[in-house]
Structure formats: C-alpha cells, structure tokens
Amino acid sequence: MSCPTLDKYENNGIAIGDIKATVTESQYYHASYDDTIRRVAEKFNLSEDDAEEQVKLYWE
C-alpha cells in the first residue's frame with residue numbers, strides 16, 4: 001500500500017529518513033519548532049507548509 005504524501009517526497013529524491021534525522025538533530029540541539037520547519041524547507045527545497053507537515057510527523 002502506498003502513501004501519497006510519502007510518495008510525493010520520495011519521487012522528488014528526498015529520503016524520508018533524512019527528514020526525520022534533520023528533525024531529530026534539530027531537537028537535540030534545542031532548535032525551535034519554527035526554526036526546524038525553516039531548516040527542513042531550506043535543506044530539502046520544500047515549501048514551509050510541506051516542511052511543517054513533515055516536522056509534525058517527527059517532532060517529539
């Protein structure tokens with residue numbers, strides 16, 4: 001079974017594990033939620049809305 005949200009990123013060459021690692025690393029270094037969204041958006045060339053969607057998945 002396929003997930004359209006995940007497929008969208010994988011089809012753009014973005015490994016979901018890389019996004020998760022970026023979120024985890026940001027939290028480890030005490031980056032804010034908003035800074036993490038901006039970092040994910042910039043690093044993976046995503047819109048801020050798409051980046052926030054991904055950060056929500058992995059933010060603990």
# chains A, B, ... in the order shown; residues from 1 in each chain; ligands from 1
>>> residues_around(residues="Val23 (chain A)", least_positions_apart="2", cutoff="7 Å", atoms="only C-alpha atoms", output="VMD selection string")
chain A and resid 19 to 21 25 to 27 36 55 58 to 59
>>> write_last_selection(atoms="C-alpha atoms", output="short mmCIF file (atom, residue, chain, number, x, y, z; two decimals), in the first residue's frame")
data_model
loop_
_atom_site.label_atom_id
_atom_site.label_comp_id
_atom_site.auth_asym_id
_atom_site.auth_seq_id
_atom_site.Cartn_x
_atom_site.Cartn_y
_atom_site.Cartn_z
CA ILE A 19 13.96 14.50 7.05
CA LYS A 20 13.43 12.55 10.26
CA ALA A 21 17.15 12.78 11.05
CA GLU A 25 19.09 16.61 15.19
CA SER A 26 17.34 19.96 15.45
CA GLN A 27 15.64 18.89 18.65
CA THR A 36 13.22 23.38 12.36
CA VAL A 55 8.16 18.19 11.06
CA TYR A 58 8.67 13.52 13.71
CA TRP A 59 8.64 16.23 16.37
#
>>> residues_around(residues="Arg38 (chain A)", least_positions_apart="3", cutoff="12 Å", atoms="only C-alpha atoms", output="list in words")
Thr22, Val23, Ser26, Ala31, Ser32, Tyr33, Asp34, Asp35, Ala41, Glu42, Lys43, Phe44, Asn45, Leu46, Ser47, Glu48, Asp49, Asp50, Ala51, Glu52, Glu53, Gln54 and Val55 of chain A
>>> decode(residues="region 27-40 of chain A", atoms="all heavy atoms", output="JSON list (two decimals), in the first residue's frame")
[["chain", "number", "residue", "atom", "x", "y", "z"],
["A", 27, "GLN", "N", 16.11, 18.97, 17.27],
["A", 27, "GLN", "CA", 15.64, 18.89, 18.65],
["A", 27, "GLN", "C", 16.81, 18.66, 19.60],
["A", 27, "GLN", "O", 16.85, 19.25, 20.68],
["A", 27, "GLN", "CB", 14.62, 17.78, 18.81],
["A", 27, "GLN", "CG", 13.29, 18.14, 18.17],
["A", 27, "GLN", "CD", 12.26, 17.09, 18.41],
["A", 27, "GLN", "OE1", 12.34, 16.00, 17.85],
["A", 27, "GLN", "NE2", 11.29, 17.40, 19.24],
["A", 28, "TYR", "N", 17.75, 17.84, 19.22],
["A", 28, "TYR", "CA", 18.91, 17.56, 20.06],
["A", 28, "TYR", "C", 19.67, 18.84, 20.37],
["A", 28, "TYR", "O", 20.15, 19.04, 21.48],
["A", 28, "TYR", "CB", 19.82, 16.54, 19.36],
["A", 28, "TYR", "CG", 21.06, 16.21, 20.16],
["A", 28, "TYR", "CD1", 21.00, 15.28, 21.19],
["A", 28, "TYR", "CD2", 22.26, 16.84, 19.89],
["A", 28, "TYR", "CE1", 22.14, 14.99, 21.94],
["A", 28, "TYR", "CE2", 23.40, 16.54, 20.62],
["A", 28, "TYR", "CZ", 23.33, 15.61, 21.65],
["A", 28, "TYR", "OH", 24.45, 15.32, 22.39],
["A", 29, "TYR", "N", 19.77, 19.72, 19.38],
["A", 29, "TYR", "CA", 20.48, 20.98, 19.55],
["A", 29, "TYR", "C", 19.56, 22.13, 19.98],
["A", 29, "TYR", "O", 19.94, 23.29, 19.91],
["A", 29, "TYR", "CB", 21.25, 21.34, 18.27],
["A", 29, "TYR", "CG", 22.43, 20.42, 18.07],
["A", 29, "TYR", "CD1", 22.42, 19.43, 17.10],
["A", 29, "TYR", "CD2", 23.55, 20.51, 18.89],
["A", 29, "TYR", "CE1", 23.49, 18.57, 16.94],
["A", 29, "TYR", "CE2", 24.63, 19.65, 18.74],
["A", 29, "TYR", "CZ", 24.59, 18.68, 17.76],
["A", 29, "TYR", "OH", 25.65, 17.82, 17.60],
["A", 30, "HIS", "N", 18.37, 21.79, 20.43],
["A", 30, "HIS", "CA", 17.40, 22.72, 21.01],
["A", 30, "HIS", "C", 16.93, 23.81, 20.04],
["A", 30, "HIS", "O", 16.63, 24.93, 20.46],
["A", 30, "HIS", "CB", 17.95, 23.35, 22.30],
["A", 30, "HIS", "CG", 18.40, 22.33, 23.29],
["A", 30, "HIS", "ND1", 17.51, 21.55, 24.00],
["A", 30, "HIS", "CD2", 19.64, 21.94, 23.67],
["A", 30, "HIS", "CE1", 18.18, 20.72, 24.78],
["A", 30, "HIS", "NE2", 19.48, 20.93, 24.60],
["A", 31, "ALA", "N", 16.84, 23.48, 18.77],
["A", 31, "ALA", "CA", 16.26, 24.41, 17.81],
["A", 31, "ALA", "C", 14.76, 24.49, 18.05],
["A", 31, "ALA", "O", 14.14, 23.51, 18.48],
["A", 31, "ALA", "CB", 16.53, 23.94, 16.38],
["A", 32, "SER", "N", 14.18, 25.63, 17.80],
["A", 32, "SER", "CA", 12.74, 25.77, 17.98],
["A", 32, "SER", "C", 11.99, 25.02, 16.88],
["A", 32, "SER", "O", 12.56, 24.67, 15.83],
["A", 32, "SER", "CB", 12.34, 27.25, 17.94],
["A", 32, "SER", "OG", 12.45, 27.75, 16.62],
["A", 33, "TYR", "N", 10.72, 24.81, 17.11],
["A", 33, "TYR", "CA", 9.86, 24.15, 16.13],
["A", 33, "TYR", "C", 9.87, 24.94, 14.82],
["A", 33, "TYR", "O", 10.06, 24.37, 13.74],
["A", 33, "TYR", "CB", 8.45, 24.05, 16.72],
["A", 33, "TYR", "CG", 7.46, 23.31, 15.87],
["A", 33, "TYR", "CD1", 7.42, 21.92, 15.86],
["A", 33, "TYR", "CD2", 6.52, 24.00, 15.09],
["A", 33, "TYR", "CE1", 6.49, 21.23, 15.10],
["A", 33, "TYR", "CE2", 5.59, 23.32, 14.33],
["A", 33, "TYR", "CZ", 5.58, 21.94, 14.33],
["A", 33, "TYR", "OH", 4.66, 21.26, 13.58],
["A", 34, "ASP", "N", 9.70, 26.26, 14.91],
["A", 34, "ASP", "CA", 9.66, 27.10, 13.71],
["A", 34, "ASP", "C", 11.00, 27.11, 12.98],
["A", 34, "ASP", "O", 11.04, 27.09, 11.74],
["A", 34, "ASP", "CB", 9.24, 28.53, 14.06],
["A", 34, "ASP", "CG", 7.77, 28.62, 14.46],
["A", 34, "ASP", "OD1", 6.98, 27.74, 14.04],
["A", 34, "ASP", "OD2", 7.43, 29.57, 15.18],
["A", 35, "ASP", "N", 12.10, 27.15, 13.73],
["A", 35, "ASP", "CA", 13.42, 27.10, 13.09],
["A", 35, "ASP", "C", 13.62, 25.76, 12.38],
["A", 35, "ASP", "O", 14.23, 25.70, 11.32],
["A", 35, "ASP", "CB", 14.54, 27.31, 14.11],
["A", 35, "ASP", "CG", 14.67, 28.76, 14.54],
["A", 35, "ASP", "OD1", 14.14, 29.65, 13.83],
["A", 35, "ASP", "OD2", 15.29, 29.00, 15.60],
["A", 36, "THR", "N", 13.10, 24.70, 12.97],
["A", 36, "THR", "CA", 13.22, 23.38, 12.36],
["A", 36, "THR", "C", 12.42, 23.31, 11.06],
["A", 36, "THR", "O", 12.90, 22.76, 10.06],
["A", 36, "THR", "CB", 12.77, 22.29, 13.35],
["A", 36, "THR", "OG1", 13.57, 22.39, 14.53],
["A", 36, "THR", "CG2", 12.90, 20.90, 12.75],
["A", 37, "ILE", "N", 11.25, 23.90, 11.05],
["A", 37, "ILE", "CA", 10.46, 23.95, 9.81],
["A", 37, "ILE", "C", 11.23, 24.68, 8.73],
["A", 37, "ILE", "O", 11.34, 24.21, 7.59],
["A", 37, "ILE", "CB", 9.09, 24.63, 10.05],
["A", 37, "ILE", "CG1", 8.21, 23.74, 10.93],
["A", 37, "ILE", "CG2", 8.39, 24.95, 8.72],
["A", 37, "ILE", "CD1", 6.96, 24.41, 11.43],
["A", 38, "ARG", "N", 11.80, 25.83, 9.07],
["A", 38, "ARG", "CA", 12.58, 26.59, 8.09],
["A", 38, "ARG", "C", 13.80, 25.80, 7.61],
["A", 38, "ARG", "O", 14.13, 25.81, 6.42],
["A", 38, "ARG", "CB", 13.01, 27.93, 8.68],
["A", 38, "ARG", "CG", 11.87, 28.95, 8.72],
["A", 38, "ARG", "CD", 12.36, 30.34, 9.09],
["A", 38, "ARG", "NE", 12.70, 30.44, 10.50],
["A", 38, "ARG", "CZ", 11.82, 30.67, 11.47],
["A", 38, "ARG", "NH1", 10.53, 30.80, 11.19],
["A", 38, "ARG", "NH2", 12.22, 30.76, 12.73],
["A", 39, "ARG", "N", 14.44, 25.10, 8.53],
["A", 39, "ARG", "CA", 15.62, 24.31, 8.16],
["A", 39, "ARG", "C", 15.25, 23.18, 7.20],
["A", 39, "ARG", "O", 15.92, 22.93, 6.21],
["A", 39, "ARG", "CB", 16.28, 23.74, 9.42],
["A", 39, "ARG", "CG", 17.53, 22.98, 9.11],
["A", 39, "ARG", "CD", 18.26, 22.59, 10.37],
["A", 39, "ARG", "NE", 19.52, 21.95, 10.01],
["A", 39, "ARG", "CZ", 20.08, 21.01, 10.72],
["A", 39, "ARG", "NH1", 19.55, 20.61, 11.86],
["A", 39, "ARG", "NH2", 21.20, 20.47, 10.33],
["A", 40, "VAL", "N", 14.17, 22.47, 7.51],
["A", 40, "VAL", "CA", 13.72, 21.37, 6.64],
["A", 40, "VAL", "C", 13.31, 21.92, 5.27],
["A", 40, "VAL", "O", 13.66, 21.35, 4.23],
["A", 40, "VAL", "CB", 12.57, 20.58, 7.31],
["A", 40, "VAL", "CG1", 11.90, 19.63, 6.33],
["A", 40, "VAL", "CG2", 13.09, 19.81, 8.52]]
